[in-house]
$ cat coords05.tsv   # TSV, N, CA and C atoms
chain	number	residue	atom	x	y	z
A	1	MET	N	0.84	-1.17	0.00
A	1	MET	CA	0.00	0.00	0.00
A	1	MET	C	0.88	1.24	0.00
A	2	PRO	N	1.07	1.91	-1.10
A	2	PRO	CA	1.96	3.06	-1.17
A	2	PRO	C	1.40	4.26	-0.39
A	3	GLN	N	2.30	4.93	0.29
A	3	GLN	CA	1.94	6.13	1.04
A	3	GLN	C	2.40	7.36	0.28
A	4	ASN	N	2.10	8.52	0.81
A	4	ASN	CA	2.47	9.76	0.12
A	4	ASN	C	3.80	10.33	0.61
A	5	TYR	N	4.70	9.48	1.01
A	5	TYR	CA	6.02	9.90	1.43
A	5	TYR	C	7.02	8.83	1.01
A	6	PHE	N	8.30	9.16	1.09
A	6	PHE	CA	9.35	8.29	0.56
A	6	PHE	C	10.30	7.89	1.67
A	7	TYR	N	10.63	6.61	1.74
A	7	TYR	CA	11.64	6.12	2.68
A	7	TYR	C	12.92	5.83	1.92
A	8	PRO	N	14.02	6.40	2.40
A	8	PRO	CA	15.29	6.12	1.74
A	8	PRO	C	15.85	4.73	2.05
A	9	TYR	N	15.31	4.06	3.03
A	9	TYR	CA	15.85	2.77	3.44
A	9	TYR	C	14.83	1.66	3.22
A	10	ARG	N	15.29	0.55	2.67
A	10	ARG	CA	14.41	-0.60	2.44
A	10	ARG	C	13.86	-1.17	3.74
A	11	GLU	N	14.69	-1.15	4.79
A	11	GLU	CA	14.26	-1.69	6.08
A	11	GLU	C	13.06	-0.94	6.61
A	12	ALA	N	13.06	0.36	6.46
A	12	ALA	CA	11.94	1.18	6.93
A	12	ALA	C	10.67	0.83	6.16
A	13	ARG	N	10.80	0.65	4.90
A	13	ARG	CA	9.63	0.29	4.08
A	13	ARG	C	9.09	-1.07	4.48
A	14	ARG	N	10.00	-2.01	4.69
A	14	ARG	CA	9.60	-3.35	5.11
A	14	ARG	C	8.94	-3.31	6.49
A	15	ALA	N	9.52	-2.51	7.38
A	15	ALA	CA	8.96	-2.38	8.74
A	15	ALA	C	7.56	-1.79	8.69
A	16	GLU	N	7.37	-0.79	7.86
A	16	GLU	CA	6.04	-0.18	7.73
A	16	GLU	C	5.03	-1.20	7.21
A	17	ASP	N	5.45	-2.02	6.28
A	17	ASP	CA	4.55	-3.03	5.71
A	17	ASP	C	4.15	-4.11	6.73
A	18	THR	N	4.98	-4.34	7.73
A	18	THR	CA	4.66	-5.37	8.72
A	18	THR	C	3.78	-4.86	9.86
A	19	ILE	N	3.66	-3.57	10.02
A	19	ILE	CA	2.89	-3.01	11.14
A	19	ILE	C	1.46	-3.55	11.20
A	20	PRO	N	0.72	-3.59	10.11
A	20	PRO	CA	-0.66	-4.09	10.22
A	20	PRO	C	-0.78	-5.53	10.73
A	21	SER	N	0.23	-6.34	10.54
A	21	SER	CA	0.15	-7.74	10.99
A	21	SER	C	0.81	-7.97	12.35
A	22	MET	N	1.37	-6.94	12.97
A	22	MET	CA	2.02	-7.10	14.27
A	22	MET	C	1.00	-7.28	15.38
A	23	SER	N	1.33	-8.13	16.32
A	23	SER	CA	0.50	-8.25	17.52
A	23	SER	C	0.74	-7.01	18.38
A	24	TYR	N	-0.09	-6.84	19.38
A	24	TYR	CA	0.05	-5.68	20.26
A	24	TYR	C	1.42	-5.67	20.92
A	25	ALA	N	1.83	-6.81	21.45
A	25	ALA	CA	3.13	-6.89	22.13
A	25	ALA	C	4.29	-6.59	21.17
A	26	GLU	N	4.22	-7.11	19.96
A	26	GLU	CA	5.27	-6.84	18.97
A	26	GLU	C	5.32	-5.35	18.64
A	27	LEU	N	4.17	-4.75	18.49
A	27	LEU	CA	4.10	-3.33	18.18
A	27	LEU	C	4.72	-2.50	19.31
A	28	VAL	N	4.36	-2.82	20.54
A	28	VAL	CA	4.89	-2.09	21.69
A	28	VAL	C	6.40	-2.24	21.78
A	29	GLU	N	6.89	-3.44	21.60
A	29	GLU	CA	8.33	-3.68	21.72
A	29	GLU	C	9.14	-3.10	20.56
A	30	ASN	N	8.50	-2.78	19.45
A	30	ASN	CA	9.20	-2.24	18.29
A	30	ASN	C	9.03	-0.74	18.10
A	31	LEU	N	8.49	-0.04	19.07
A	31	LEU	CA	8.26	1.40	18.92
A	31	LEU	C	9.57	2.17	18.72
A	32	ILE	N	10.59	1.85	19.49
A	32	ILE	CA	11.86	2.57	19.36
A	32	ILE	C	12.53	2.27	18.02
A	33	PRO	N	12.64	1.00	17.60
A	33	PRO	CA	13.22	0.76	16.27
A	33	PRO	C	12.43	1.45	15.15
A	34	LEU	N	11.10	1.44	15.25
A	34	LEU	CA	10.29	2.10	14.22
A	34	LEU	C	10.54	3.61	14.21
A	35	THR	N	10.75	4.17	15.39
A	35	THR	CA	11.05	5.60	15.47
A	35	THR	C	12.44	5.88	14.93
A	36	ASP	N	13.40	5.02	15.25
A	36	ASP	CA	14.76	5.20	14.75
A	36	ASP	C	14.83	5.15	13.22
A	37	MET	N	13.98	4.31	12.62
A	37	MET	CA	13.94	4.21	11.15
A	37	MET	C	13.10	5.33	10.54
A	38	ARG	N	12.53	6.15	11.40
A	38	ARG	CA	11.67	7.27	10.99
A	38	ARG	C	10.37	6.81	10.32
A	39	VAL	N	9.94	5.62	10.66
A	39	VAL	CA	8.63	5.17	10.22
A	39	VAL	C	7.58	5.92	11.03
A	40	LEU	N	7.86	6.11	12.34
A	40	LEU	CA	6.98	6.87	13.20
A	40	LEU	C	7.48	8.30	13.29
A	41	GLU	N	6.70	9.19	12.73
A	41	GLU	CA	7.01	10.62	12.76
A	41	GLU	C	5.70	11.40	12.87
A	42	PRO	N	5.73	12.60	13.43
A	42	PRO	CA	4.51	13.39	13.53
A	42	PRO	C	3.87	13.61	12.16
A	43	GLY	N	2.56	13.45	12.12
A	43	GLY	CA	1.82	13.70	10.88
A	43	GLY	C	1.82	12.55	9.89
A	44	ASN	N	2.56	11.51	10.16
A	44	ASN	CA	2.65	10.36	9.26
A	44	ASN	C	1.41	9.48	9.47
A	45	PRO	N	0.72	9.08	8.40
A	45	PRO	CA	-0.47	8.24	8.56
A	45	PRO	C	-0.22	6.93	9.32
A	46	ILE	N	0.93	6.34	9.15
A	46	ILE	CA	1.22	5.09	9.86
A	46	ILE	C	1.36	5.34	11.35
A	47	THR	N	1.84	6.52	11.73
A	47	THR	CA	1.93	6.89	13.14
A	47	THR	C	0.55	6.97	13.76
A	48	MET	N	-0.39	7.51	13.01
A	48	MET	CA	-1.77	7.59	13.49
A	48	MET	C	-2.37	6.19	13.66
A	49	LEU	N	-2.05	5.28	12.75
A	49	LEU	CA	-2.52	3.90	12.86
A	49	LEU	C	-1.94	3.24	14.11
A	50	VAL	N	-0.65	3.43	14.34
A	50	VAL	CA	0.00	2.84	15.51
A	50	VAL	C	-0.62	3.40	16.79
A	51	ALA	N	-0.83	4.70	16.85
A	51	ALA	CA	-1.42	5.31	18.05
A	51	ALA	C	-2.82	4.75	18.30
A	52	ALA	N	-3.60	4.60	17.24
A	52	ALA	CA	-4.95	4.04	17.38
A	52	ALA	C	-4.90	2.61	17.90
A	53	ARG	N	-3.96	1.84	17.43
A	53	ARG	CA	-3.85	0.44	17.88
A	53	ARG	C	-3.36	0.36	19.32
A	54	LEU	N	-2.51	1.30	19.72
A	54	LEU	CA	-2.00	1.29	21.08
A	54	LEU	C	-3.09	1.54	22.11
A	55	VAL	N	-4.10	2.33	21.76
A	55	VAL	CA	-5.17	2.66	22.72
A	55	VAL	C	-6.40	1.77	22.58
A	56	ASP	N	-6.39	0.86	21.64
A	56	ASP	CA	-7.53	-0.02	21.41
A	56	ASP	C	-7.71	-0.97	22.59
A	57	ARG	N	-8.84	-0.83	23.30
A	57	ARG	CA	-9.09	-1.61	24.52
A	57	ARG	C	-9.08	-3.11	24.26
A	58	THR	N	-9.62	-3.53	23.15
A	58	THR	CA	-9.66	-4.96	22.83
A	58	THR	C	-8.25	-5.50	22.64
A	59	ARG	N	-7.43	-4.77	21.91
A	59	ARG	CA	-6.04	-5.22	21.70
A	59	ARG	C	-5.27	-5.24	23.02
A	60	ILE	N	-5.51	-4.24	23.86
A	60	ILE	CA	-4.83	-4.20	25.16
A	60	ILE	C	-5.22	-5.41	25.98
A	61	ALA	N	-6.51	-5.70	26.05
A	61	ALA	CA	-7.00	-6.83	26.85
A	61	ALA	C	-6.48	-8.16	26.33
A	62	ARG	N	-6.40	-8.32	25.02
A	62	ARG	CA	-5.94	-9.59	24.42
A	62	ARG	C	-4.44	-9.74	24.42
A	63	SER	N	-3.72	-8.67	24.68
A	63	SER	CA	-2.25	-8.70	24.56
A	63	SER	C	-1.59	-9.62	25.58
A	64	GLY	N	-2.18	-9.71	26.77
A	64	GLY	CA	-1.56	-10.52	27.82
A	64	GLY	C	-0.37	-9.84	28.46
A	65	MET	N	-0.15	-8.59	28.11
A	65	MET	CA	0.98	-7.85	28.67
A	65	MET	C	0.67	-7.40	30.09
A	66	ALA	N	1.69	-7.31	30.90
A	66	ALA	CA	1.54	-6.78	32.25
A	66	ALA	C	1.64	-5.26	32.21
A	67	ALA	N	0.96	-4.62	33.13
A	67	ALA	CA	1.01	-3.15	33.20
A	67	ALA	C	2.45	-2.67	33.42
A	68	SER	N	3.23	-3.45	34.17
A	68	SER	CA	4.62	-3.06	34.43
A	68	SER	C	5.44	-3.04	33.14
A	69	THR	N	5.16	-3.94	32.23
A	69	THR	CA	5.87	-3.97	30.95
A	69	THR	C	5.52	-2.74	30.13
A	70	LEU	N	4.25	-2.40	30.11
A	70	LEU	CA	3.83	-1.23	29.35
A	70	LEU	C	4.39	0.05	29.96
A	71	LYS	N	4.46	0.11	31.28
A	71	LYS	CA	5.06	1.28	31.95
A	71	LYS	C	6.54	1.40	31.61
A	72	ARG	N	7.22	0.24	31.59
A	72	ARG	CA	8.65	0.25	31.24
A	72	ARG	C	8.87	0.78	29.84
A	73	VAL	N	8.06	0.30	28.90
A	73	VAL	CA	8.17	0.75	27.51
A	73	VAL	C	7.86	2.24	27.41
A	74	LEU	N	6.85	2.70	28.14
A	74	LEU	CA	6.52	4.12	28.14
A	74	LEU	C	7.71	4.94	28.61
A	75	GLY	N	8.33	4.53	29.70
A	75	GLY	CA	9.50	5.25	30.21
A	75	GLY	C	10.65	5.28	29.22
A	76	GLU	N	10.92	4.13	28.61
A	76	GLU	CA	12.01	4.06	27.63
A	76	GLU	C	11.69	4.90	26.40
A	77	TYR	N	10.46	4.82	25.94
A	77	TYR	CA	10.09	5.57	24.74
A	77	TYR	C	10.09	7.06	25.02
A	78	ARG	N	9.58	7.47	26.18
A	78	ARG	CA	9.55	8.89	26.55
A	78	ARG	C	10.97	9.47	26.59
A	79	ALA	N	11.95	8.67	27.01
A	79	ALA	CA	13.33	9.13	27.12
A	79	ALA	C	14.05	9.16	25.77
A	80	HIS	N	13.47	8.57	24.75
A	80	HIS	CA	14.10	8.51	23.43
A	80	HIS	C	14.15	9.92	22.83
A	81	PRO	N	15.29	10.29	22.23
A	81	PRO	CA	15.42	11.65	21.68
A	81	PRO	C	14.47	11.97	20.52
A	82	ARG	N	13.99	10.98	19.82
A	82	ARG	CA	13.08	11.23	18.69
A	82	ARG	C	11.65	10.78	18.99
A	83	ALA	N	11.32	10.64	20.28
A	83	ALA	CA	9.99	10.18	20.67
A	83	ALA	C	8.91	11.07	20.06
A	84	VAL	N	7.89	10.44	19.53
A	84	VAL	CA	6.76	11.15	18.91
A	84	VAL	C	5.71	11.40	20.00
A	85	PHE	N	5.31	12.65	20.14
A	85	PHE	CA	4.39	13.05	21.19
A	85	PHE	C	3.10	12.23	21.16
A	86	GLY	N	2.54	12.01	19.99
A	86	GLY	CA	1.30	11.25	19.86
A	86	GLY	C	1.43	9.82	20.35
A	87	ILE	N	2.59	9.22	20.13
A	87	ILE	CA	2.82	7.85	20.59
A	87	ILE	C	2.98	7.83	22.11
A	88	VAL	N	3.66	8.83	22.67
A	88	VAL	CA	3.80	8.93	24.12
A	88	VAL	C	2.42	9.03	24.76
A	89	LYS	N	1.57	9.90	24.22
A	89	LYS	CA	0.22	10.07	24.76
A	89	LYS	C	-0.59	8.78	24.64
A	90	ALA	N	-0.45	8.08	23.52
A	90	ALA	CA	-1.16	6.82	23.32
A	90	ALA	C	-0.68	5.77	24.34
A	91	LEU	N	0.61	5.72	24.59
A	91	LEU	CA	1.13	4.78	25.59
A	91	LEU	C	0.63	5.12	26.98
A	92	GLU	N	0.57	6.41	27.31
A	92	GLU	CA	0.05	6.83	28.61
A	92	GLU	C	-1.41	6.38	28.77
A	93	GLN	N	-2.19	6.58	27.73
A	93	GLN	CA	-3.59	6.17	27.77
A	93	GLN	C	-3.71	4.65	27.86
A	94	ALA	N	-2.84	3.93	27.17
A	94	ALA	CA	-2.86	2.46	27.24
A	94	ALA	C	-2.55	1.97	28.65
A	95	VAL	N	-1.59	2.61	29.31
A	95	VAL	CA	-1.25	2.24	30.69
A	95	VAL	C	-2.46	2.47	31.59
A	96	GLU	N	-3.11	3.63	31.45
A	96	GLU	CA	-4.30	3.92	32.25
A	96	GLU	C	-5.40	2.88	32.00
A	97	THR	N	-5.61	2.55	30.74
A	97	THR	CA	-6.62	1.55	30.40
A	97	THR	C	-6.28	0.20	31.01
A	98	MET	N	-5.03	-0.19	30.95
A	98	MET	CA	-4.61	-1.48	31.49
A	98	MET	C	-4.79	-1.51	33.00
A	99	LEU	N	-4.52	-0.42	33.67
A	99	LEU	CA	-4.66	-0.38	35.12
A	99	LEU	C	-6.13	-0.44	35.55
A	100	ARG	N	-7.03	0.03	34.72
A	100	ARG	CA	-8.46	0.00	35.03
A	100	ARG	C	-9.08	-1.37	34.78
A	101	CYS	N	-8.45	-2.18	33.94
A	101	CYS	CA	-9.03	-3.50	33.59
A	101	CYS	C	-8.80	-4.52	34.66
$ encode --input "coords05.tsv" --output "structure tokens"
Amino acid sequence: MPQNYFYPYREARRAEDTIPSMSYAELVENLIPLTDMRVLEPGNPITMLVAARLVDRTRIARSGMAASTLKRVLGEYRAHPRAVFGIVKALEQAVETMLRC
């Protein structure tokens, strides 16, 4: 599915193509590599898809992840120099949702 932007690296393109098939846990654990490859950037449609999936209550419930794991990832991602604000907010909301379940 071609997007309206160009990736100079094949790995980034491949990574973007795998996002729709990633499980919740895989997506969470790959946030920093996706950001490093610049797949996740402000205003990018794939970033909006990732943020939507991160806050999806059904995906959170089915993930089997512990709240402590999600908190750890949030802390690591927040400290990343290229962290995307929308992804940070989505992770914060996911942690809150997980704690309420």
$ residues_around --input "coords05.tsv" --residues "Leu91 in chain A" --least-positions-apart "6" --cutoff "8 Å" --atoms "all atoms listed in the file" --output "number ranges by chain"
A: 51, 54-55, 70-71, 73-74, 85, 97
$ atom_distance --input "coords05.tsv" --atom1 "atom C of Glu41 in chain A" --atom2 "CA of Val84 in chain A"
6.1 Å
$ select_by_dssp --input "coords05.tsv" --residues "chain A" --states "alpha helix (DSSP H)" --output "PyMOL selection string"
chain A and resi 10-18+24-29+31-36+45-55+57-63+67-79+85-100
$ closest_residue --input "coords05.tsv" --among "A:Gln93, A:Thr58, A:Thr47, A:Ser68" --to "Leu27 in chain A" --atoms "only C-alpha atoms"
A:Thr47
$ residues_around --input "coords05.tsv" --residues "Arg38 in chain A" --least-positions-apart "2" --cutoff "12 Å" --atoms "only C-alpha atoms" --output "VMD selection string"
chain A and resid 5 to 13 15 to 16 31 to 36 40 to 44 46 to 47 82 to 84
$ residues_around --input "coords05.tsv" --residues "range 64-66 of chain A" --least-positions-apart "6" --cutoff "8 Å" --atoms "all atoms listed in the file" --output "VMD selection string"
chain A and resid 24 to 25 72 98 to 99
$ atom_distance --input "coords05.tsv" --atom1 "CA of Tyr77 in chain A" --atom2 "CA of Glu29 in chain A"
9.9 Å
$ atom_distance --input "coords05.tsv" --atom1 "CA of Met48 in chain A" --atom2 "atom C of Gly86 in chain A"
7.9 Å
$ decode --input "coords05.tsv" --residues "chain A" --atoms "C-alpha atoms" --output "PDB file, in the first residue's frame"
ATOM      1  CA  MET A   1       0.000   0.000   0.000  1.00  0.00           C
ATOM      2  CA  PRO A   2       1.958   3.061  -1.165  1.00  0.00           C
ATOM      3  CA  GLN A   3       1.942   6.128   1.043  1.00  0.00           C
ATOM      4  CA  ASN A   4       2.465   9.762   0.123  1.00  0.00           C
ATOM      5  CA  TYR A   5       6.023   9.901   1.431  1.00  0.00           C
ATOM      6  CA  PHE A   6       9.347   8.292   0.560  1.00  0.00           C
ATOM      7  CA  TYR A   7      11.641   6.124   2.676  1.00  0.00           C
ATOM      8  CA  PRO A   8      15.294   6.119   1.736  1.00  0.00           C
ATOM      9  CA  TYR A   9      15.847   2.769   3.438  1.00  0.00           C
ATOM     10  CA  ARG A  10      14.415  -0.600   2.440  1.00  0.00           C
ATOM     11  CA  GLU A  11      14.263  -1.695   6.083  1.00  0.00           C
ATOM     12  CA  ALA A  12      11.938   1.180   6.928  1.00  0.00           C
ATOM     13  CA  ARG A  13       9.632   0.294   4.079  1.00  0.00           C
ATOM     14  CA  ARG A  14       9.598  -3.347   5.115  1.00  0.00           C
ATOM     15  CA  ALA A  15       8.964  -2.378   8.737  1.00  0.00           C
ATOM     16  CA  GLU A  16       6.040  -0.185   7.726  1.00  0.00           C
ATOM     17  CA  ASP A  17       4.554  -3.030   5.712  1.00  0.00           C
ATOM     18  CA  THR A  18       4.665  -5.372   8.719  1.00  0.00           C
ATOM     19  CA  ILE A  19       2.893  -3.014  11.140  1.00  0.00           C
ATOM     20  CA  PRO A  20      -0.662  -4.093  10.217  1.00  0.00           C
ATOM     21  CA  SER A  21       0.155  -7.741  10.990  1.00  0.00           C
ATOM     22  CA  MET A  22       2.020  -7.095  14.273  1.00  0.00           C
ATOM     23  CA  SER A  23       0.504  -8.255  17.524  1.00  0.00           C
ATOM     24  CA  TYR A  24       0.045  -5.679  20.258  1.00  0.00           C
ATOM     25  CA  ALA A  25       3.135  -6.895  22.130  1.00  0.00           C
ATOM     26  CA  GLU A  26       5.265  -6.841  18.968  1.00  0.00           C
ATOM     27  CA  LEU A  27       4.097  -3.330  18.184  1.00  0.00           C
ATOM     28  CA  VAL A  28       4.886  -2.087  21.689  1.00  0.00           C
ATOM     29  CA  GLU A  29       8.333  -3.683  21.723  1.00  0.00           C
ATOM     30  CA  ASN A  30       9.202  -2.243  18.293  1.00  0.00           C
ATOM     31  CA  LEU A  31       8.264   1.399  18.922  1.00  0.00           C
ATOM     32  CA  ILE A  32      11.859   2.572  19.356  1.00  0.00           C
ATOM     33  CA  PRO A  33      13.217   0.765  16.271  1.00  0.00           C
ATOM     34  CA  LEU A  34      10.291   2.104  14.217  1.00  0.00           C
ATOM     35  CA  THR A  35      11.049   5.604  15.474  1.00  0.00           C
ATOM     36  CA  ASP A  36      14.765   5.197  14.747  1.00  0.00           C
ATOM     37  CA  MET A  37      13.939   4.213  11.155  1.00  0.00           C
ATOM     38  CA  ARG A  38      11.669   7.270  10.987  1.00  0.00           C
ATOM     39  CA  VAL A  39       8.626   5.172  10.221  1.00  0.00           C
ATOM     40  CA  LEU A  40       6.977   6.865  13.204  1.00  0.00           C
ATOM     41  CA  GLU A  41       7.010  10.622  12.762  1.00  0.00           C
ATOM     42  CA  PRO A  42       4.508  13.393  13.531  1.00  0.00           C
ATOM     43  CA  GLY A  43       1.820  13.697  10.882  1.00  0.00           C
ATOM     44  CA  ASN A  44       2.647  10.360   9.264  1.00  0.00           C
ATOM     45  CA  PRO A  45      -0.474   8.237   8.559  1.00  0.00           C
ATOM     46  CA  ILE A  46       1.220   5.086   9.855  1.00  0.00           C
ATOM     47  CA  THR A  47       1.933   6.893  13.143  1.00  0.00           C
ATOM     48  CA  MET A  48      -1.769   7.586  13.492  1.00  0.00           C
ATOM     49  CA  LEU A  49      -2.518   3.900  12.860  1.00  0.00           C
ATOM     50  CA  VAL A  50       0.000   2.840  15.509  1.00  0.00           C
ATOM     51  CA  ALA A  51      -1.423   5.309  18.048  1.00  0.00           C
ATOM     52  CA  ALA A  52      -4.949   4.037  17.377  1.00  0.00           C
ATOM     53  CA  ARG A  53      -3.846   0.443  17.881  1.00  0.00           C
ATOM     54  CA  LEU A  54      -1.999   1.289  21.084  1.00  0.00           C
ATOM     55  CA  VAL A  55      -5.167   2.660  22.716  1.00  0.00           C
ATOM     56  CA  ASP A  56      -7.528  -0.020  21.409  1.00  0.00           C
ATOM     57  CA  ARG A  57      -9.085  -1.612  24.518  1.00  0.00           C
ATOM     58  CA  THR A  58      -9.661  -4.964  22.834  1.00  0.00           C
ATOM     59  CA  ARG A  59      -6.038  -5.217  21.700  1.00  0.00           C
ATOM     60  CA  ILE A  60      -4.830  -4.195  25.161  1.00  0.00           C
ATOM     61  CA  ALA A  61      -6.997  -6.832  26.847  1.00  0.00           C
ATOM     62  CA  ARG A  62      -5.945  -9.586  24.422  1.00  0.00           C
ATOM     63  CA  SER A  63      -2.251  -8.701  24.561  1.00  0.00           C
ATOM     64  CA  GLY A  64      -1.564 -10.521  27.816  1.00  0.00           C
ATOM     65  CA  MET A  65       0.983  -7.852  28.669  1.00  0.00           C
ATOM     66  CA  ALA A  66       1.540  -6.780  32.251  1.00  0.00           C
ATOM     67  CA  ALA A  67       1.010  -3.153  33.202  1.00  0.00           C
ATOM     68  CA  SER A  68       4.619  -3.056  34.430  1.00  0.00           C
ATOM     69  CA  THR A  69       5.866  -3.967  30.948  1.00  0.00           C
ATOM     70  CA  LEU A  70       3.827  -1.227  29.351  1.00  0.00           C
ATOM     71  CA  LYS A  71       5.060   1.280  31.954  1.00  0.00           C
ATOM     72  CA  ARG A  72       8.652   0.248  31.242  1.00  0.00           C
ATOM     73  CA  VAL A  73       8.167   0.747  27.510  1.00  0.00           C
ATOM     74  CA  LEU A  74       6.516   4.118  28.145  1.00  0.00           C
ATOM     75  CA  GLY A  75       9.498   5.251  30.212  1.00  0.00           C
ATOM     76  CA  GLU A  76      12.008   4.056  27.628  1.00  0.00           C
ATOM     77  CA  TYR A  77      10.094   5.568  24.736  1.00  0.00           C
ATOM     78  CA  ARG A  78       9.551   8.886  26.545  1.00  0.00           C
ATOM     79  CA  ALA A  79      13.334   9.127  27.118  1.00  0.00           C
ATOM     80  CA  HIS A  80      14.099   8.509  23.428  1.00  0.00           C
ATOM     81  CA  PRO A  81      15.415  11.648  21.684  1.00  0.00           C
ATOM     82  CA  ARG A  82      13.082  11.228  18.689  1.00  0.00           C
ATOM     83  CA  ALA A  83       9.994  10.184  20.674  1.00  0.00           C
ATOM     84  CA  VAL A  84       6.763  11.148  18.911  1.00  0.00           C
ATOM     85  CA  PHE A  85       4.386  13.054  21.192  1.00  0.00           C
ATOM     86  CA  GLY A  86       1.303  11.249  19.860  1.00  0.00           C
ATOM     87  CA  ILE A  87       2.823   7.847  20.592  1.00  0.00           C
ATOM     88  CA  VAL A  88       3.796   8.929  24.121  1.00  0.00           C
ATOM     89  CA  LYS A  89       0.218  10.067  24.761  1.00  0.00           C
ATOM     90  CA  ALA A  90      -1.158   6.816  23.320  1.00  0.00           C
ATOM     91  CA  LEU A  91       1.133   4.780  25.590  1.00  0.00           C
ATOM     92  CA  GLU A  92       0.049   6.827  28.612  1.00  0.00           C
ATOM     93  CA  GLN A  93      -3.586   6.170  27.767  1.00  0.00           C
ATOM     94  CA  ALA A  94      -2.860   2.459  27.244  1.00  0.00           C
ATOM     95  CA  VAL A  95      -1.254   2.238  30.687  1.00  0.00           C
ATOM     96  CA  GLU A  96      -4.301   3.920  32.251  1.00  0.00           C
ATOM     97  CA  THR A  97      -6.625   1.548  30.397  1.00  0.00           C
ATOM     98  CA  MET A  98      -4.609  -1.475  31.488  1.00  0.00           C
ATOM     99  CA  LEU A  99      -4.659  -0.382  35.124  1.00  0.00           C
ATOM    100  CA  ARG A 100      -8.464  -0.005  35.031  1.00  0.00           C
ATOM    101  CA  CYS A 101      -9.031  -3.496  33.592  1.00  0.00           C
TER     102      CYS A 101
END
